[in-house]
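What follows is a short report on a single structure.
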Amino acid sequence: MSVIGCGYLGAVHAAAMASIGHDVIGIDVDAEKIATLASGTAPFFEPQLSELLVDGLASGRLSFSSRMADAAGAHVHFLAVGTPQVPGGHAADLRYVDQAFDALLPHLRAGDVIAGKSTVPVGTAARLTTRLVGTGATLVWNPEFLREGWAVHDTLTPDRLVVGAEADAAGEQAVTVLREAYGAAVESGTPFLVTDLATAELVKGAANAFLATKISFINAMAEIAEAAGADVALLADALGHDTRIGRRYLGAGIGFGGGCLPKDIRAFAARAEELGRGEAVGFLREVDAINLRRRDRAVQIVVDALGGLVFGRRIAVLGAAFKPFSDDIRDSPALDVAVRLRGLGADVVVTDPAAIDNAAAAHPQLGYARDRDDALREADAVVIVTEWDEYRRDLSPERAGGLVRGRIIVDGRNCLDAAAWRAAGWQYHGMGRR
Ligand code: UGA
């Protein structure tokens with residue numbers, strides 16, 4: 001197998017496929033990233049990835065290269081390059097998909113299978129298929145649903161596998177190849193859904209749109225709860241007991257971020273516009289707007305708690321990553337809140353167990369402390385914006401109280417025991433909570 005593109009998706013996929021017995025070569029144009037991976041080091045924070053890399057390299061089944069020619073000889077080629085938002089627009093930028101696909105073409109042999117994993121606008125696979133004429137290779141679409149922080153787990157034990165293919169003999173053959181490639185997962189009963197190309201592409205966009213909508217739904221309820229004097233966390237618990245609704249992704253707080261949900265809902269809406277069906281997903285604009293409003297709201301809560309002015313006040317910001325178990329700061333609501341408070345003149349000190357280096361490179365204007373207690377020392381207010389265990393579970397209100405100057409805590413993720421913090425003399429503020 002080859003895996004083309006070794007970012008979050010590709011690096012994990014390559015290492016996971018090697019761990020289940022395949023011979024895998026990971027290819028990326030970034031020679032530095034390839035050197036890091038080839039030394040058995042994960043280029044980003046992802047639990048279990050380093051172990052898989054080390055084992056795969058030692059077994060001889062896993063290798064990395066920055067030369068596309070080294071993909072020649074592989075029978076299955078997974079396309080896992082990034083599809084960021086176009087600069088200045090909402091659509092997906094497909095240049096890396098196109099470049100990788102074109103670079104692979106001369107190395108294909110008859111019978112090869114290309115499995116697209118990147119998140120792409122519906123119609124991309126059909127467009128790419130036309131370029132395969134004369135190669136004897138077949139393109140299928142096999143979207144990936146892994147979550148950062150759980151990437152190895154999600155790749156090895158997915159909820160479902162989706163493969164889109166054309167309904168001809170070559171398509172059927174390619175689906176069989178993929179079914180075999182996923183071996184153990186399929187044998188253990190993981191649902192394996194075969195669709196046409198367009199449906200497979202849509203499944204991915206629709207899944208992320210649904211998750212984003214669910215989060216924004218509860219955050220919209222948080223806005224109502226704030227106005228009505230209700231508690232959104234209790235509301236979510238009560239809603240979640242309805243098995244048709246479910247409690248997951250009903251975590252109200254400062255909203256979603258990261259390299260996927262925000263850009264994917266925008267790209268989904270942009271593609272719907274192109275298809276003349278923009279109206280059908282007009283609600284995704286609201287989903288985006290509700291999400292961004294929560295960041296404003298968190299900042300406002302801090303400002304109000306400090307008496308209307310944060311200028312010159314010291315604020316400890318616990319978290320920078322867009323979620324725990326990740327060092328990813330792409331479109332991070334946590335970092336956005338820190339940046340906005342700094343913009344209002346606050347003396348902001350950010351801490352995070354994994355994302356400080358990334359955050360400091362992107363926002364050198366913020367203060368940073370590697371040690372949580374150093375961040376808390378002499379703070380006038382504390383804001384939790386990423387629910388790492390270090391803050392959610394391991395930080396006692398008594399200990400924190402001994403370090404800060406002012407016992408004001410803003411829980412941007414509704415992840416703390418409000419009663420315990422209040423009992424320890426803290427002024428506690430949640431998001432959408434009494
Ligand atoms: C998301 C999807 O969950 C994956 O299925 C998908 O494969 C991936 O995007 C992708 O397209 O590559 P990920 O970006 O890793 O995965 O993050 P999530 O765990 O879904 O969290 C996204 C954001 O939503 C985070 O900022 C998180 O803090 C926030 N969130 C999540 C909430 O605000 N409330 C919740 O209840 C849940």
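The way I read the labels, and the way they are meant: chains A, B, ... in the order of the structure tokens, residue 1 as the first residue of every chain, and ligand 1 as the first ligand shown, with later ones counted on from there.
Using only C-alpha atoms and all ligand atoms, residues with at least one atom at most 7 Å away from any atom of ligand 1 are Thr119, Glu144, Phe145, Leu146, Arg147, Glu148, Gly149, Asn208, Leu211, Ile215, Arg248, Tyr249, Leu250, Gly251, Ala252, Gly253, Ile254, Gly255, Phe256, Gly257, Gly258, Gly259, Cys260, Leu261, Phe322, Lys323, Ser332 and Pro333 of chain A.
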Pick out the residues sitting within 10 Å of Val54 in chain A, and hand them over as a PyMOL selection string; count only C-alpha atoms, and ignore anything fewer than 2 positions along from it in its own chain. chain A and resi 15+37-42+49-52+56-59+62
When you look at range 73-85 of chain A with a cut-off of 7 Å (counting only C-alpha atoms), what residues show up, excluding the ones that are within fewer than 3 positions of it in the same chain? I need them as a ChimeraX atom specification. /A:1-5,9-10,89-94,96-97,112-120,263
Write out as a PyMOL selection string which residues come within 12 Å of Leu416 in chain A when counting only C-alpha atoms, dropping same-chain ones fewer than 6 positions away. chain A and resi 233+253+383-397+409-410+422+428-431+433
Among range 39-235 of chain A, which ones does DSSP place in helix (DSSP H, G or I), written as a PyMOL selection string? chain A and resi 49-59+68-71+95-107+124-132+151-156+169-181+183-187+197-228+232-235
Looking at only C-alpha atoms, which of A:Asp264, A:Glu378, A:Glu46, A:Asp347 is the one that sits closest to Thr213 in chain A?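 Of A:Asp264, A:Glu378, A:Glu46, A:Asp347, the one nearest Thr213 in chain A, counting only C-alpha atoms, is A:Asp264.
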Would you kindly return, as a PyMOL selection string, each protein, DNA or RNA residue with an atom no farther than 8 Å from any atom of Gly432 in chain A, considering only C-alpha atoms and excluding same-chain residues fewer than 2 positions away? chain A and resi 219+221-226+230-233+252-253+430+434
Selection to disk with C-alpha atoms, as a tab-separated table (two decimals), in the first residue's frame:
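Final output, out-v4.tsv:
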chain	number	residue	atom	x	y	z
A	219	ASN	CA	-25.05	26.27	22.26
A	221	MET	CA	-30.02	26.53	23.91
A	222	ALA	CA	-27.26	27.94	26.11
A	223	GLU	CA	-28.09	31.42	24.80
A	224	ILE	CA	-31.75	30.89	25.70
A	225	ALA	CA	-30.85	29.40	29.07
A	226	GLU	CA	-28.72	32.45	29.87
A	230	ALA	CA	-31.98	28.03	33.18
A	231	ASP	CA	-29.06	25.59	33.11
A	232	VAL	CA	-28.00	24.19	29.73
A	233	ALA	CA	-25.91	21.38	31.21
A	252	ALA	CA	-22.28	23.40	25.48
A	253	GLY	CA	-19.35	25.76	25.92
A	430	GLY	CA	-20.33	28.49	33.36
A	434	ARG	CA	-27.19	29.68	36.34
Using DSSP secondary structure from the backbone, list all strand (DSSP E or B) positions within range 87-228 of chain A, as an mmCIF file with N, CA and C atoms, in the first residue's frame.
data_model
loop_
_atom_site.group_PDB
_atom_site.id
_atom_site.type_symbol
_atom_site.label_atom_id
_atom_site.label_comp_id
_atom_site.auth_asym_id
_atom_site.auth_seq_id
_atom_site.Cartn_x
_atom_site.Cartn_y
_atom_site.Cartn_z
ATOM 1 N N ALA A 92 -13.583 24.366 -0.490
ATOM 2 C CA ALA A 92 -12.385 23.573 -0.190
ATOM 3 C C ALA A 92 -11.336 23.825 -1.272
ATOM 4 N N VAL A 113 -5.608 0.130 -7.228
ATOM 5 C CA VAL A 113 -6.791 0.794 -6.663
ATOM 6 C C VAL A 113 -6.336 2.072 -5.975
ATOM 7 N N ILE A 114 -6.986 3.166 -6.288
ATOM 8 C CA ILE A 114 -6.731 4.420 -5.556
ATOM 9 C C ILE A 114 -7.945 4.628 -4.661
ATOM 10 N N ALA A 115 -7.689 4.790 -3.367
ATOM 11 C CA ALA A 115 -8.782 4.989 -2.411
ATOM 12 C C ALA A 115 -8.671 6.397 -1.841
ATOM 13 N N GLY A 116 -9.581 7.273 -2.251
ATOM 14 C CA GLY A 116 -9.559 8.648 -1.752
ATOM 15 C C GLY A 116 -10.064 8.697 -0.318
ATOM 16 N N THR A 138 -8.357 1.913 -10.807
ATOM 17 C CA THR A 138 -9.732 2.246 -10.414
ATOM 18 C C THR A 138 -9.721 3.142 -9.178
ATOM 19 N N LEU A 139 -10.585 4.145 -9.199
ATOM 20 C CA LEU A 139 -10.703 5.041 -8.045
ATOM 21 C C LEU A 139 -11.945 4.688 -7.236
ATOM 22 N N VAL A 140 -11.769 4.546 -5.922
ATOM 23 C CA VAL A 140 -12.922 4.419 -5.024
ATOM 24 C C VAL A 140 -12.822 5.542 -3.997
ATOM 25 N N TRP A 141 -13.947 5.827 -3.318
ATOM 26 C CA TRP A 141 -13.866 6.852 -2.258
ATOM 27 C C TRP A 141 -14.171 6.200 -0.921
ATOM 28 N N LEU A 161 -17.240 1.401 7.925
ATOM 29 C CA LEU A 161 -16.367 1.652 6.783
ATOM 30 C C LEU A 161 -17.282 1.941 5.602
ATOM 31 N N VAL A 162 -16.961 2.990 4.862
ATOM 32 C CA VAL A 162 -17.776 3.365 3.708
ATOM 33 C C VAL A 162 -16.879 3.351 2.470
ATOM 34 N N VAL A 163 -17.295 2.646 1.450
ATOM 35 C CA VAL A 163 -16.526 2.636 0.198
ATOM 36 C C VAL A 163 -17.476 2.946 -0.957
ATOM 37 N N GLY A 164 -17.174 4.030 -1.658
ATOM 38 C CA GLY A 164 -17.959 4.407 -2.838
ATOM 39 C C GLY A 164 -17.223 3.960 -4.079
ATOM 40 N N PHE A 192 -19.827 -2.454 6.800
ATOM 41 C CA PHE A 192 -19.051 -2.099 5.604
ATOM 42 C C PHE A 192 -20.069 -1.709 4.536
ATOM 43 N N LEU A 193 -20.177 -0.415 4.299
ATOM 44 C CA LEU A 193 -21.225 0.078 3.400
ATOM 45 C C LEU A 193 -20.651 0.399 2.031
ATOM 46 N N VAL A 194 -21.242 -0.187 1.008
ATOM 47 C CA VAL A 194 -20.803 0.081 -0.358
ATOM 48 C C VAL A 194 -21.811 1.030 -1.002
ATOM 49 N N THR A 195 -21.296 2.127 -1.548
ATOM 50 C CA THR A 195 -22.170 3.139 -2.156
ATOM 51 C C THR A 195 -21.602 3.530 -3.516
#
